[in-house]
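Undergrad: See upload-v5.cif below, with mmCIF, C-alpha atoms and all ligand atoms.
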data_my_file
#
loop_
_atom_site.label_atom_id
_atom_site.label_comp_id
_atom_site.auth_asym_id
_atom_site.auth_seq_id
_atom_site.Cartn_x
_atom_site.Cartn_y
_atom_site.Cartn_z
CA MET A 1 10.03 9.73 17.60
CA PHE A 2 7.38 7.80 15.72
CA ILE A 3 4.04 9.07 16.96
CA ASP A 4 1.10 7.30 15.37
CA ASP A 5 -1.84 7.78 17.73
CA VAL A 6 -2.95 11.05 19.31
CA THR A 7 -6.15 12.58 20.57
CA ILE A 8 -6.62 16.30 20.06
CA HIS A 9 -9.27 18.77 21.14
CA VAL A 10 -10.52 21.07 18.42
CA LYS A 11 -12.73 24.13 18.67
CA ALA A 12 -13.90 25.90 15.54
CA GLY A 13 -14.49 29.66 15.68
CA ASP A 14 -17.87 31.07 16.72
CA GLY A 15 -19.75 33.22 14.26
CA GLY A 16 -19.73 36.99 14.86
CA ASN A 17 -22.95 38.62 16.08
CA GLY A 18 -25.18 40.61 13.78
CA CYS A 19 -25.38 44.34 14.54
CA VAL A 20 -28.34 46.57 15.47
CA SER A 21 -27.78 50.00 13.99
CA PHE A 22 -29.68 52.79 12.22
CA ARG A 23 -28.58 55.26 9.62
CA ARG A 24 -27.79 58.62 11.16
CA GLU A 25 -27.20 61.39 8.69
CA LYS A 26 -27.80 65.08 9.03
CA HIS A 27 -30.62 65.46 6.56
CA VAL A 28 -32.10 62.00 6.86
CA PRO A 29 -34.27 61.80 9.93
CA LYS A 30 -35.25 58.27 10.94
CA GLY A 31 -32.74 56.54 8.73
CA GLY A 32 -33.42 52.84 8.17
CA PRO A 33 -31.71 49.89 9.85
CA ASP A 34 -28.15 49.36 8.65
CA GLY A 35 -26.67 46.74 11.03
CA GLY A 36 -24.39 44.32 9.15
CA ASP A 37 -24.05 40.54 9.57
CA GLY A 38 -21.40 38.88 11.68
CA GLY A 39 -18.58 36.96 9.97
CA LYS A 40 -18.19 33.17 9.98
CA GLY A 41 -15.89 31.48 12.52
CA GLY A 42 -12.88 29.58 11.21
CA ASP A 43 -13.19 25.87 10.39
CA ILE A 44 -10.69 23.29 11.57
CA ILE A 45 -9.59 21.29 8.57
CA ILE A 46 -7.39 18.19 8.53
CA GLU A 47 -5.40 17.50 5.38
CA ALA A 48 -3.10 14.66 4.31
CA VAL A 49 0.25 15.93 3.03
CA PRO A 50 3.31 14.04 1.79
CA HIS A 51 5.88 15.92 3.89
CA GLN A 52 4.51 14.72 7.23
CA ARG A 53 5.59 11.23 8.23
CA THR A 54 4.29 10.94 11.77
CA LEU A 55 1.84 12.72 14.07
CA ILE A 56 4.63 14.21 16.18
CA ASN A 57 3.41 17.78 15.60
CA PHE A 58 0.44 17.02 17.81
CA LEU A 59 2.46 15.77 20.75
CA HIS A 60 2.58 19.26 22.26
CA ARG A 61 -0.28 20.80 20.33
CA LYS A 62 -3.34 19.09 21.65
CA HIS A 63 -5.75 22.03 21.93
CA ILE A 64 -6.47 23.72 18.67
CA LYS A 65 -8.78 26.70 18.37
CA ALA A 66 -9.84 28.69 15.34
CA LYS A 67 -10.65 32.40 15.65
CA HIS A 68 -14.17 33.79 15.96
CA GLY A 69 -15.84 35.71 13.16
CA GLN A 70 -15.94 39.49 13.60
CA HIS A 71 -19.16 41.12 14.70
CA GLY A 72 -21.20 43.06 12.17
CA LYS A 73 -21.08 46.88 12.24
CA GLY A 74 -23.23 49.84 11.29
CA LYS A 75 -23.45 51.13 7.73
CA LYS A 76 -24.20 47.55 6.67
CA MET A 77 -20.62 46.57 7.30
CA PHE A 78 -20.22 42.82 7.56
CA GLY A 79 -17.86 41.30 10.11
CA ARG A 80 -14.87 39.58 8.58
CA ASN A 81 -14.83 35.77 8.29
CA SER A 82 -12.03 34.16 10.27
CA PRO A 83 -9.39 32.11 8.51
CA ASP A 84 -9.63 28.33 8.67
CA ILE A 85 -6.95 26.34 10.43
CA VAL A 86 -5.46 23.54 8.36
CA LEU A 87 -3.82 20.73 10.33
CA GLU A 88 -1.34 18.73 8.28
CA VAL A 89 -1.20 14.98 8.86
CA PRO A 90 0.63 12.15 7.07
CA VAL A 91 -1.07 10.29 4.25
CA GLY A 92 -2.80 7.26 5.78
CA THR A 93 -4.22 9.03 8.83
CA VAL A 94 -7.55 7.70 10.05
CA ILE A 95 -9.76 10.19 11.89
CA LYS A 96 -12.11 9.04 14.60
CA GLU A 97 -14.77 10.66 16.69
CA ASN A 98 -16.26 8.70 19.59
CA GLU A 99 -14.40 5.63 18.30
CA GLN A 100 -16.23 5.93 14.95
CA THR A 101 -14.14 6.47 11.85
CA ILE A 102 -15.18 9.71 10.21
CA ALA A 103 -12.47 9.89 7.57
CA ASP A 104 -9.59 7.92 6.16
CA LEU A 105 -7.14 10.23 4.43
CA CYS A 106 -5.55 7.73 2.07
CA TYR A 107 -4.32 10.08 -0.60
CA GLN A 108 -2.30 13.23 -0.64
CA GLY A 109 -4.65 16.23 -0.63
CA ASN A 110 -7.56 14.40 1.03
CA ARG A 111 -9.10 16.72 3.61
CA ILE A 112 -12.08 16.96 5.90
CA ILE A 113 -13.62 19.70 7.96
CA ALA A 114 -13.19 18.24 11.42
CA ALA A 115 -15.06 21.10 13.15
CA HIS A 116 -17.28 23.61 11.40
CA GLY A 117 -17.03 27.27 12.26
CA GLY A 118 -20.25 28.96 13.39
CA ARG A 119 -22.25 31.01 10.91
CA GLY A 120 -22.35 34.76 11.51
CA GLY A 121 -25.60 36.26 12.88
CA LYS A 122 -27.75 38.49 10.69
CA GLY A 123 -27.71 42.21 11.34
CA ASN A 124 -30.92 44.18 11.77
CA ALA A 125 -30.80 45.40 8.16
CA LYS A 126 -31.86 41.87 7.17
CA PHE A 127 -34.90 41.96 9.44
CA ALA A 128 -36.58 45.01 7.94
CA THR A 129 -39.95 44.37 6.28
CA SER A 130 -42.60 46.66 4.82
CA THR A 131 -44.49 46.67 8.10
CA LYS A 132 -41.53 46.55 10.44
CA ARG A 133 -39.20 49.20 9.21
CA ALA A 134 -37.11 49.71 12.30
CA PRO A 135 -36.31 46.24 13.69
CA ARG A 136 -34.25 46.31 16.86
CA ILE A 137 -33.25 42.70 16.56
CA ALA A 138 -30.15 41.03 15.29
CA GLU A 139 -28.98 37.42 15.47
CA GLU A 140 -26.14 36.11 17.56
CA GLY A 141 -23.45 34.20 15.77
CA LYS A 142 -23.67 30.39 15.96
CA GLU A 143 -21.17 28.55 18.11
CA GLY A 144 -18.34 26.76 16.37
CA GLU A 145 -18.16 22.98 16.79
CA GLU A 146 -15.98 21.64 19.59
CA LYS A 147 -14.90 18.03 19.98
CA ASP A 148 -12.22 15.46 20.72
CA ILE A 149 -10.72 13.84 17.68
CA ARG A 150 -8.44 10.85 17.51
CA LEU A 151 -5.81 10.64 14.80
CA GLU A 152 -4.39 7.21 14.00
CA LEU A 153 -1.71 6.70 11.42
CA ARG A 154 -1.76 3.57 9.29
CA LEU A 155 0.99 3.62 6.76
CA ILE A 156 0.11 3.00 3.15
CA ALA A 157 2.22 0.15 1.80
CA ASP A 158 1.65 -2.66 -0.69
CA VAL A 159 3.84 -5.17 1.09
CA GLY A 160 4.58 -5.77 4.77
CA LEU A 161 7.73 -7.43 6.09
CA VAL A 162 7.04 -9.64 9.08
CA GLY A 163 9.03 -12.15 11.07
CA TYR A 164 10.97 -12.75 14.24
CA PRO A 165 13.48 -10.16 15.37
CA ASN A 166 16.81 -10.71 13.62
CA SER A 167 15.28 -12.57 10.67
CA GLY A 168 16.67 -9.97 8.28
CA LYS A 169 13.67 -7.78 7.43
CA SER A 170 15.60 -4.53 7.55
CA THR A 171 18.53 -6.06 5.67
CA LEU A 172 16.15 -7.04 2.89
CA LEU A 173 14.51 -3.61 2.75
CA SER A 174 17.87 -1.88 2.57
CA ARG A 175 18.93 -4.17 -0.28
CA ILE A 176 15.85 -3.61 -2.42
CA SER A 177 15.13 0.07 -1.74
CA HIS A 178 16.86 3.31 -0.82
CA ALA A 179 15.53 3.03 2.74
CA ARG A 180 18.32 2.81 5.32
CA PRO A 181 16.95 1.08 8.39
CA LYS A 182 19.26 0.25 11.26
CA ILE A 183 20.58 -3.30 11.03
CA ALA A 184 22.25 -5.22 13.84
CA ASP A 185 22.63 -8.73 15.18
CA TYR A 186 20.43 -8.25 18.20
CA PRO A 187 16.64 -8.43 18.44
CA PHE A 188 14.42 -5.34 18.20
CA THR A 189 16.88 -3.29 16.23
CA THR A 190 13.96 -1.77 14.37
CA THR A 191 11.85 0.25 16.78
CA GLU A 192 9.62 2.11 14.37
CA PRO A 193 8.05 1.35 11.00
CA LEU A 194 9.82 2.47 7.88
CA LEU A 195 8.76 2.54 4.25
CA GLY A 196 10.86 1.81 1.20
CA VAL A 197 10.02 2.14 -2.48
CA ILE A 198 11.03 -0.80 -4.65
CA LYS A 199 11.44 -0.18 -8.36
CA VAL A 200 10.84 -3.06 -10.73
CA HIS A 201 11.26 -2.29 -14.43
CA ASP A 202 8.90 0.65 -14.90
CA SER A 203 6.59 -0.08 -12.00
CA SER A 204 7.19 0.21 -8.29
CA PHE A 205 5.72 -0.82 -4.99
CA VAL A 206 6.07 0.21 -1.36
CA ALA A 207 7.18 -2.12 1.42
CA ALA A 208 6.93 -1.50 5.16
CA ASP A 209 9.52 -2.79 7.61
CA ILE A 210 8.15 -3.12 11.12
CA PRO A 211 9.68 -4.21 14.43
CA GLY A 212 9.97 -7.98 14.86
CA LEU A 213 7.23 -10.01 16.53
CA ILE A 214 7.59 -12.70 19.17
CA GLU A 215 5.29 -15.08 20.99
CA GLY A 216 2.78 -13.11 23.04
CA ALA A 217 3.20 -9.93 21.01
CA HIS A 218 -0.57 -9.46 21.22
CA ASN A 219 -0.13 -9.23 25.01
CA GLY A 220 2.50 -6.56 24.57
CA LYS A 221 5.57 -8.82 24.75
CA GLY A 222 8.67 -7.52 23.04
CA MET A 223 7.69 -4.51 21.00
CA GLY A 224 4.08 -5.75 21.10
CA ASN A 225 1.84 -5.88 18.08
CA LYS A 226 0.94 -2.22 17.90
CA PHE A 227 2.94 -1.79 14.74
CA LEU A 228 0.82 -4.35 12.93
CA ALA A 229 -1.63 -1.51 12.27
CA HIS A 230 0.92 -0.24 9.79
CA ILE A 231 0.69 -3.34 7.66
CA SER A 232 -3.09 -3.65 7.98
CA ARG A 233 -3.53 -2.07 4.56
CA THR A 234 -0.92 -4.14 2.74
CA LYS A 235 -1.90 -6.65 0.07
CA ILE A 236 0.94 -9.10 0.61
CA LEU A 237 3.05 -10.09 3.60
CA LEU A 238 6.62 -11.30 3.21
CA HIS A 239 7.24 -13.64 6.11
CA LEU A 240 10.98 -13.80 6.72
CA ILE A 241 12.49 -16.81 8.41
CA ASP A 242 16.04 -17.05 9.71
CA MET A 243 17.19 -20.37 8.25
CA SER A 244 20.30 -20.57 10.40
CA ASP A 245 17.89 -21.30 13.26
CA LYS A 246 16.82 -24.92 13.74
CA ASN A 247 13.57 -23.82 15.33
CA SER A 248 12.45 -21.98 12.25
CA TYR A 249 9.28 -24.02 11.85
CA SER A 250 7.94 -23.37 15.34
CA LYS A 251 8.85 -19.68 15.06
CA PHE A 252 7.04 -19.54 11.73
CA ASN A 253 3.92 -20.85 13.48
CA VAL A 254 4.27 -18.38 16.34
CA ILE A 255 4.29 -15.44 13.94
CA ASN A 256 1.29 -16.78 12.06
CA LYS A 257 -0.61 -17.11 15.30
CA GLU A 258 0.16 -13.50 16.22
CA LEU A 259 -0.93 -12.42 12.73
CA SER A 260 -4.22 -14.26 12.93
CA LEU A 261 -4.94 -12.68 16.32
CA TYR A 262 -4.70 -9.40 14.47
CA ASN A 263 -6.92 -10.52 11.58
CA LEU A 264 -3.96 -10.76 9.26
CA GLY A 265 -4.06 -14.54 9.12
CA ASN A 266 -5.72 -14.62 5.71
CA ARG A 267 -3.56 -12.00 4.08
CA ALA A 268 -1.62 -13.28 1.03
CA GLN A 269 1.72 -14.41 2.43
CA ILE A 270 4.98 -15.30 0.76
CA ILE A 271 7.31 -17.47 2.80
CA VAL A 272 10.88 -16.25 2.54
CA ALA A 273 13.68 -18.46 3.85
CA ASN A 274 16.49 -15.99 4.55
CA LYS A 275 20.20 -16.30 5.41
CA MET A 276 20.71 -19.14 2.93
CA ASP A 277 24.39 -18.19 2.73
CA ILE A 278 24.92 -19.74 6.16
CA ILE A 279 26.01 -23.38 5.92
CA THR A 280 23.45 -24.93 8.27
CA ALA A 281 20.63 -23.18 6.40
CA GLN A 282 20.48 -25.85 3.67
CA THR A 283 19.71 -28.63 6.12
CA ASN A 284 17.21 -26.52 8.00
CA LEU A 285 15.49 -25.58 4.74
CA LYS A 286 15.09 -29.22 3.75
CA ASP A 287 13.48 -29.85 7.11
CA LEU A 288 11.18 -26.83 6.76
CA ARG A 289 10.12 -27.83 3.24
CA LYS A 290 9.09 -31.23 4.58
CA LYS A 291 7.02 -29.68 7.33
CA LEU A 292 5.33 -27.18 5.05
CA HIS A 293 5.06 -29.75 2.20
CA SER A 294 3.05 -28.10 -0.55
CA LYS A 295 3.80 -24.50 0.36
CA GLU A 296 6.07 -22.50 -1.91
CA ILE A 297 9.20 -21.13 -0.22
CA PHE A 298 11.53 -18.49 -1.63
CA ALA A 299 15.10 -19.17 -0.54
CA ILE A 300 17.21 -16.00 -0.41
CA SER A 301 20.11 -14.30 1.24
CA ALA A 302 19.35 -10.67 1.97
CA LEU A 303 23.05 -10.28 2.72
CA THR A 304 24.49 -11.58 -0.56
CA GLY A 305 21.45 -10.85 -2.69
CA GLU A 306 20.98 -14.43 -3.79
CA GLY A 307 17.37 -15.08 -4.85
CA VAL A 308 16.29 -11.51 -4.04
CA LYS A 309 15.64 -10.43 -7.63
CA GLU A 310 13.42 -13.43 -8.30
CA LEU A 311 11.47 -12.69 -5.12
CA ILE A 312 10.94 -9.04 -6.04
CA TYR A 313 9.80 -9.88 -9.57
CA TYR A 314 7.38 -12.39 -8.15
CA VAL A 315 5.94 -9.86 -5.66
CA ASP A 316 5.58 -7.27 -8.41
CA LYS A 317 3.76 -9.73 -10.67
CA LEU A 318 1.43 -10.73 -7.90
CA LEU A 319 0.63 -7.11 -7.04
CA ASN A 320 -0.07 -6.28 -10.67
CA SER A 321 -2.33 -9.28 -11.11
CA GLU A 322 -4.19 -8.32 -7.93
CA GLU A 323 -4.70 -4.83 -9.21
CA ARG A 324 -6.12 -6.15 -12.42
CA GLN A 325 -8.53 -8.31 -10.46
CA ASN A 326 -9.67 -5.30 -8.51
CA TYR A 327 -10.51 -3.46 -11.72
CA GLU A 328 -12.40 -6.38 -13.25
N1 LIG B 401 24.45 -14.29 7.03
C1 LIG B 401 23.39 -13.54 6.86
N2 LIG B 401 23.07 -12.61 7.79
C2 LIG B 401 21.97 -11.85 7.59
C3 LIG B 401 21.14 -11.98 6.45
N3 LIG B 401 20.13 -11.11 6.55
C4 LIG B 401 20.32 -10.44 7.70
N4 LIG B 401 21.44 -10.88 8.34
C5 LIG B 401 21.98 -10.42 9.63
O1 LIG B 401 21.04 -10.67 10.64
C6 LIG B 401 21.06 -9.64 11.62
C7 LIG B 401 19.69 -9.05 11.79
O2 LIG B 401 19.30 -8.39 10.61
P1 LIG B 401 18.18 -7.25 10.59
O3 LIG B 401 17.95 -6.91 9.16
O4 LIG B 401 18.51 -6.16 11.53
O5 LIG B 401 16.94 -8.09 11.16
P2 LIG B 401 15.45 -7.60 11.46
O6 LIG B 401 14.54 -8.71 11.07
O7 LIG B 401 15.20 -6.30 10.82
O8 LIG B 401 15.48 -7.49 13.05
P3 LIG B 401 14.62 -6.55 14.04
O9 LIG B 401 14.62 -5.18 13.49
O10 LIG B 401 15.30 -6.66 15.34
O11 LIG B 401 13.24 -7.16 14.06
C8 LIG B 401 22.10 -8.64 11.15
O12 LIG B 401 23.30 -8.90 11.79
C9 LIG B 401 22.21 -8.93 9.65
O13 LIG B 401 23.47 -8.60 9.14
C10 LIG B 401 21.52 -12.98 5.47
O14 LIG B 401 20.88 -13.19 4.45
N5 LIG B 401 22.63 -13.70 5.75
MG MG B 402 14.79 -4.54 11.63
#
Is it possible to give me this structure as structure tokens?
Ligand SMILES: Nc1nc2c(ncn2[C@@H]2O[C@H](COP(=O)(O)OP(=O)(O)OP(=O)(O)O)[C@@H](O)[C@H]2O)c(=O)[nH]1
Ligand SMILES: [Mg+2]

TA:
Amino acid sequence: MFIDDVTIHVKAGDGGNGCVSFRREKHVPKGGPDGGDGGKGGDIIIEAVPHQRTLINFLHRKHIKAKHGQHGKGKKMFGRNSPDIVLEVPVGTVIKENEQTIADLCYQGNRIIAAHGGRGGKGNAKFATSTKRAPRIAEEGKEGEEKDIRLELRLIADVGLVGYPNSGKSTLLSRISHARPKIADYPFTTTEPLLGVIKVHDSSFVAADIPGLIEGAHNGKGMGNKFLAHISRTKILLHLIDMSDKNSYSKFNVINKELSLYNLGNRAQIIVANKMDIITAQTNLKDLRKKLHSKEIFAISALTGEGVKELIYYVDKLLNSEERQNYE
């Protein structure tokens, strides 16, 4: 199951109380204060790790509590600090509190303290002064933070594959990477996003295959547009078109409309005319070229591999030039 949006309740540990105590030894009447401090409560930490792919671990683990710090004891013994709890999430998890983003864990090892454990209270030993030698006060430990936190996964990919169901997105991904998405001749074969790594010479990039879009996806039609979040970070979209379909032009426009409703309308887009091995595709492509006049179109067959290498080299070049621009 691909779980990419969960709300959890976290409670960090409270600090332990400080202790009120006095030294009691046989030959030392009126021994001084020796109450130790309480220990710190455990923090709740969220960390991005490569071996988690979805947020499924939180489906049945919605209330997470760290332990309290131990109370201080006599003989200036400090209470023990409680261990922190580290919650592992996939790389690309966005963390929100009251709908505000508080962290975006884009890289492996990124972590935040989502809820701070309470500090331990001071024991009475700390309150002794020259005038007040026998203080009977100690501090209580501070409460640990408690809150609701929303975790939203947005996959990290350089390239997003978009298009109508059946246009051949998964076929293309399986041809260019080791990813093995399900492929079939019916719509909505892909039901969850999948990443593939594409190697080009000595560089590589990551592409995300997502379920196909249809008209009204933004209203929840078909698989809806909820998976578009997973291509929101991509730099380039590959828009696949099934060229065996005479209505390719109107379908192309439908997808672009759905993309612009999701603020992806201005994302760099490469138009990919797929299924060129099918006889009728040539005529349909001529027609599409006329309608899109100046726009560049890559004609490929994800099935036979025709034109795929050229497309991949082009994408790689574009990504590299974009990266250079970002550094300049
Ligand atoms: N002839 C031909 N068939 C293709 C080509 N690319 C994909 N197909 C076929 O088209 C059908 C759909 O391919 P998929 O890769 O599952 O399409 P998709 O875009 O991922 O579809 P959804 O996951 O439903 O959105 C399958 O039967 C593929 O074998 C191609 O270049 N030529
Ligand atoms: Mg698919």

Undergrad: Between A:Lys75, A:His230, A:Arg175, A:Lys295, single out the one closest to ligand LIG 401 (chain B), counting all atoms listed in the file.

TA: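 The closest residue to ligand LIG 401 (chain B) is A:Arg175.
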
Undergrad: Can you tell me which residues sit at most 6 Å away from ligand MG 402 (chain B), counting only C-alpha atoms and all ligand atoms, written as a ChimeraX atom specification?

TA: /A:169-170,183,189-190,211

Undergrad: Have a look at atom CA of A:Ala268 and atom CA of A:His178 and let me know their distance in Å, one decimal.

TA: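 Between atom CA of A:Ala268 and atom CA of A:His178 the gap is 24.9 Å.
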
Undergrad: Counting only C-alpha atoms and all ligand atoms, which protein, DNA or RNA residues come within 10 Å of ligand LIG 401 (chain B), given as a short mmCIF file (atom, residue, chain, number, x, y, z; two decimals) with C-alpha atoms, keeping the file's coordinate frame?

TA:
data_model
loop_
_atom_site.label_atom_id
_atom_site.label_comp_id
_atom_site.auth_asym_id
_atom_site.auth_seq_id
_atom_site.Cartn_x
_atom_site.Cartn_y
_atom_site.Cartn_z
CA LEU A 161 7.73 -7.43 6.09
CA VAL A 162 7.04 -9.64 9.08
CA GLY A 163 9.03 -12.15 11.07
CA TYR A 164 10.97 -12.75 14.24
CA PRO A 165 13.48 -10.16 15.37
CA ASN A 166 16.81 -10.71 13.62
CA SER A 167 15.28 -12.57 10.67
CA GLY A 168 16.67 -9.97 8.28
CA LYS A 169 13.67 -7.78 7.43
CA SER A 170 15.60 -4.53 7.55
CA THR A 171 18.53 -6.06 5.67
CA LEU A 172 16.15 -7.04 2.89
CA LEU A 173 14.51 -3.61 2.75
CA SER A 174 17.87 -1.88 2.57
CA ARG A 175 18.93 -4.17 -0.28
CA PRO A 181 16.95 1.08 8.39
CA LYS A 182 19.26 0.25 11.26
CA ILE A 183 20.58 -3.30 11.03
CA ALA A 184 22.25 -5.22 13.84
CA ASP A 185 22.63 -8.73 15.18
CA TYR A 186 20.43 -8.25 18.20
CA PRO A 187 16.64 -8.43 18.44
CA PHE A 188 14.42 -5.34 18.20
CA THR A 189 16.88 -3.29 16.23
CA THR A 190 13.96 -1.77 14.37
CA THR A 191 11.85 0.25 16.78
CA GLU A 192 9.62 2.11 14.37
CA PRO A 193 8.05 1.35 11.00
CA ASP A 209 9.52 -2.79 7.61
CA ILE A 210 8.15 -3.12 11.12
CA PRO A 211 9.68 -4.21 14.43
CA GLY A 212 9.97 -7.98 14.86
CA LEU A 213 7.23 -10.01 16.53
CA ILE A 214 7.59 -12.70 19.17
CA MET A 223 7.69 -4.51 21.00
CA LEU A 240 10.98 -13.80 6.72
CA ILE A 241 12.49 -16.81 8.41
CA ASP A 242 16.04 -17.05 9.71
CA MET A 243 17.19 -20.37 8.25
CA SER A 244 20.30 -20.57 10.40
CA ALA A 273 13.68 -18.46 3.85
CA ASN A 274 16.49 -15.99 4.55
CA LYS A 275 20.20 -16.30 5.41
CA MET A 276 20.71 -19.14 2.93
CA ASP A 277 24.39 -18.19 2.73
CA ILE A 278 24.92 -19.74 6.16
CA ILE A 279 26.01 -23.38 5.92
CA ALA A 281 20.63 -23.18 6.40
CA ALA A 299 15.10 -19.17 -0.54
CA ILE A 300 17.21 -16.00 -0.41
CA SER A 301 20.11 -14.30 1.24
CA ALA A 302 19.35 -10.67 1.97
CA LEU A 303 23.05 -10.28 2.72
CA THR A 304 24.49 -11.58 -0.56
CA GLY A 305 21.45 -10.85 -2.69
CA GLU A 306 20.98 -14.43 -3.79
CA VAL A 308 16.29 -11.51 -4.04
#

Undergrad: Taking a cut-off of 7 Å and counting all atoms listed in the file, can you build a table that, for each residue of stretch 142-178 of chain A near stretch 8-12 of chain A, reports the nearest atom pair and how far apart they are in Å (one decimal), sorted by chain then residue number, as CSV?

TA:
residue,atom,partner,partner_atom,distance
A:Gly144,CA,A:Ala12,CA,4.6
A:Glu145,CA,A:Ala12,CA,5.3
A:Glu146,CA,A:Lys11,CA,4.2
A:Lys147,CA,A:Val10,CA,5.6
A:Asp148,CA,A:His9,CA,4.5
A:Ile149,CA,A:Ile8,CA,5.3
A:Arg150,CA,A:Ile8,CA,6.3

Undergrad: Let me make sure I understand: among A:Ile312, A:Ala115, A:Ala138, A:Ile64, which one has the smallest atom-to-atom distance to A:Thr7 if we use all atoms listed in the file?

TA: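 Among the listed residues, A:Ile64 lies closest to A:Thr7.
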
Undergrad: Provide the atom CA of A:Thr54 to atom CA of A:Val6 distance in Å, to one decimal place.

TA: 10.5 Å

Undergrad: Can you pull out every residue within 9 Å of A:Arg267, counting only C-alpha atoms, but drop anything in the same chain fewer than 4 positions away, and send it as a list in words?

TA: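 The contact residues come out as Thr234, Lys235, Ile236, Leu237 and Asn263 of chain A.
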
Undergrad: Quick one, how far is atom CA of A:Thr283 from atom CA of A:Asn253?

TA: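 Between atom CA of A:Thr283 and atom CA of A:Asn253 the gap works out to 19.1 Å.
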
Undergrad: Leaving out A:Ser82 and any residue of its chain fewer than 4 positions from it, which residues lie within 9 Å of it when counting all atoms listed in the file, given as a PyMOL selection string?

TA: chain A and resi 13+15+39-43+66-70+117

Undergrad: Between A:Ile102, A:Val49, A:Ile156, A:Ile271, single out the one closest to A:Leu194, counting all atoms listed in the file.

TA: A:Ile156

Undergrad: Compare A:Ala48, A:Ala114, A:Ile176, A:Leu238 by their minimum atom-to-atom distance to A:Thr101, counting only C-alpha atoms, and give me the closest one.

TA: A:Ala114

Undergrad: Find the residues around stretch 124-130 of chain A up to 6 Å (all atoms listed in the file counted), leave out those fewer than 4 positions away in its own chain, and share them as a ChimeraX atom specification.

TA: /A:20,33-35,135,137-138

Undergrad: Residues of the last selection are to be written out with C-alpha atoms, as a PDB file, keeping the file's coordinate frame.

TA:
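Result saved to result_15.pdb:
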ATOM      1  CA  VAL A  20     -28.340  46.570  15.470  1.00  0.00           C
ATOM      2  CA  PRO A  33     -31.710  49.890   9.850  1.00  0.00           C
ATOM      3  CA  ASP A  34     -28.150  49.360   8.650  1.00  0.00           C
ATOM      4  CA  GLY A  35     -26.670  46.740  11.030  1.00  0.00           C
ATOM      5  CA  PRO A 135     -36.310  46.240  13.690  1.00  0.00           C
ATOM      6  CA  ILE A 137     -33.250  42.700  16.560  1.00  0.00           C
ATOM      7  CA  ALA A 138     -30.150  41.030  15.290  1.00  0.00           C
TER       8      ALA A 138
END

Undergrad: Given the choices A:Pro29, A:Ala103, A:Asn57, A:Asn98, which gets closest to A:Ile45 if the distance is worked out from all atoms listed in the file?

TA: A:Ala103

Undergrad: Can you put N, CA, C and O atoms back into stretch 192-201 of chain A and show it as a CSV table (one decimal), in the coordinates of the input?

TA:
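The new file out.csv reads:
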chain,number,residue,atom,x,y,z
A,192,GLU,N,10.8,1.4,15.0
A,192,GLU,CA,9.6,2.1,14.4
A,192,GLU,C,9.5,1.7,12.9
A,192,GLU,O,10.5,1.4,12.3
A,193,PRO,N,8.3,1.8,12.4
A,193,PRO,CA,8.0,1.4,11.0
A,193,PRO,C,8.7,2.3,10.0
A,193,PRO,O,8.9,3.5,10.3
A,194,LEU,N,9.1,1.7,8.9
A,194,LEU,CA,9.8,2.5,7.9
A,194,LEU,C,9.4,2.0,6.5
A,194,LEU,O,9.2,0.8,6.3
A,195,LEU,N,9.2,2.9,5.6
A,195,LEU,CA,8.8,2.5,4.2
A,195,LEU,C,9.9,2.6,3.3
A,195,LEU,O,10.8,3.4,3.4
A,196,GLY,N,9.9,1.7,2.3
A,196,GLY,CA,10.9,1.8,1.2
A,196,GLY,C,10.1,1.6,-0.1
A,196,GLY,O,9.2,0.9,-0.2
A,197,VAL,N,10.6,2.3,-1.1
A,197,VAL,CA,10.0,2.1,-2.5
A,197,VAL,C,10.9,1.2,-3.3
A,197,VAL,O,12.1,1.4,-3.4
A,198,ILE,N,10.3,0.2,-3.9
A,198,ILE,CA,11.0,-0.8,-4.6
A,198,ILE,C,10.7,-0.6,-6.1
A,198,ILE,O,9.5,-0.7,-6.5
A,199,LYS,N,11.7,-0.4,-6.9
A,199,LYS,CA,11.4,-0.2,-8.4
A,199,LYS,C,11.7,-1.5,-9.1
A,199,LYS,O,12.7,-2.2,-8.9
A,200,VAL,N,10.7,-1.9,-9.9
A,200,VAL,CA,10.8,-3.1,-10.7
A,200,VAL,C,10.5,-2.7,-12.2
A,200,VAL,O,9.4,-2.3,-12.4
A,201,HIS,N,11.5,-2.8,-13.1
A,201,HIS,CA,11.3,-2.3,-14.4
A,201,HIS,C,10.7,-0.9,-14.4
A,201,HIS,O,11.2,0.0,-13.7
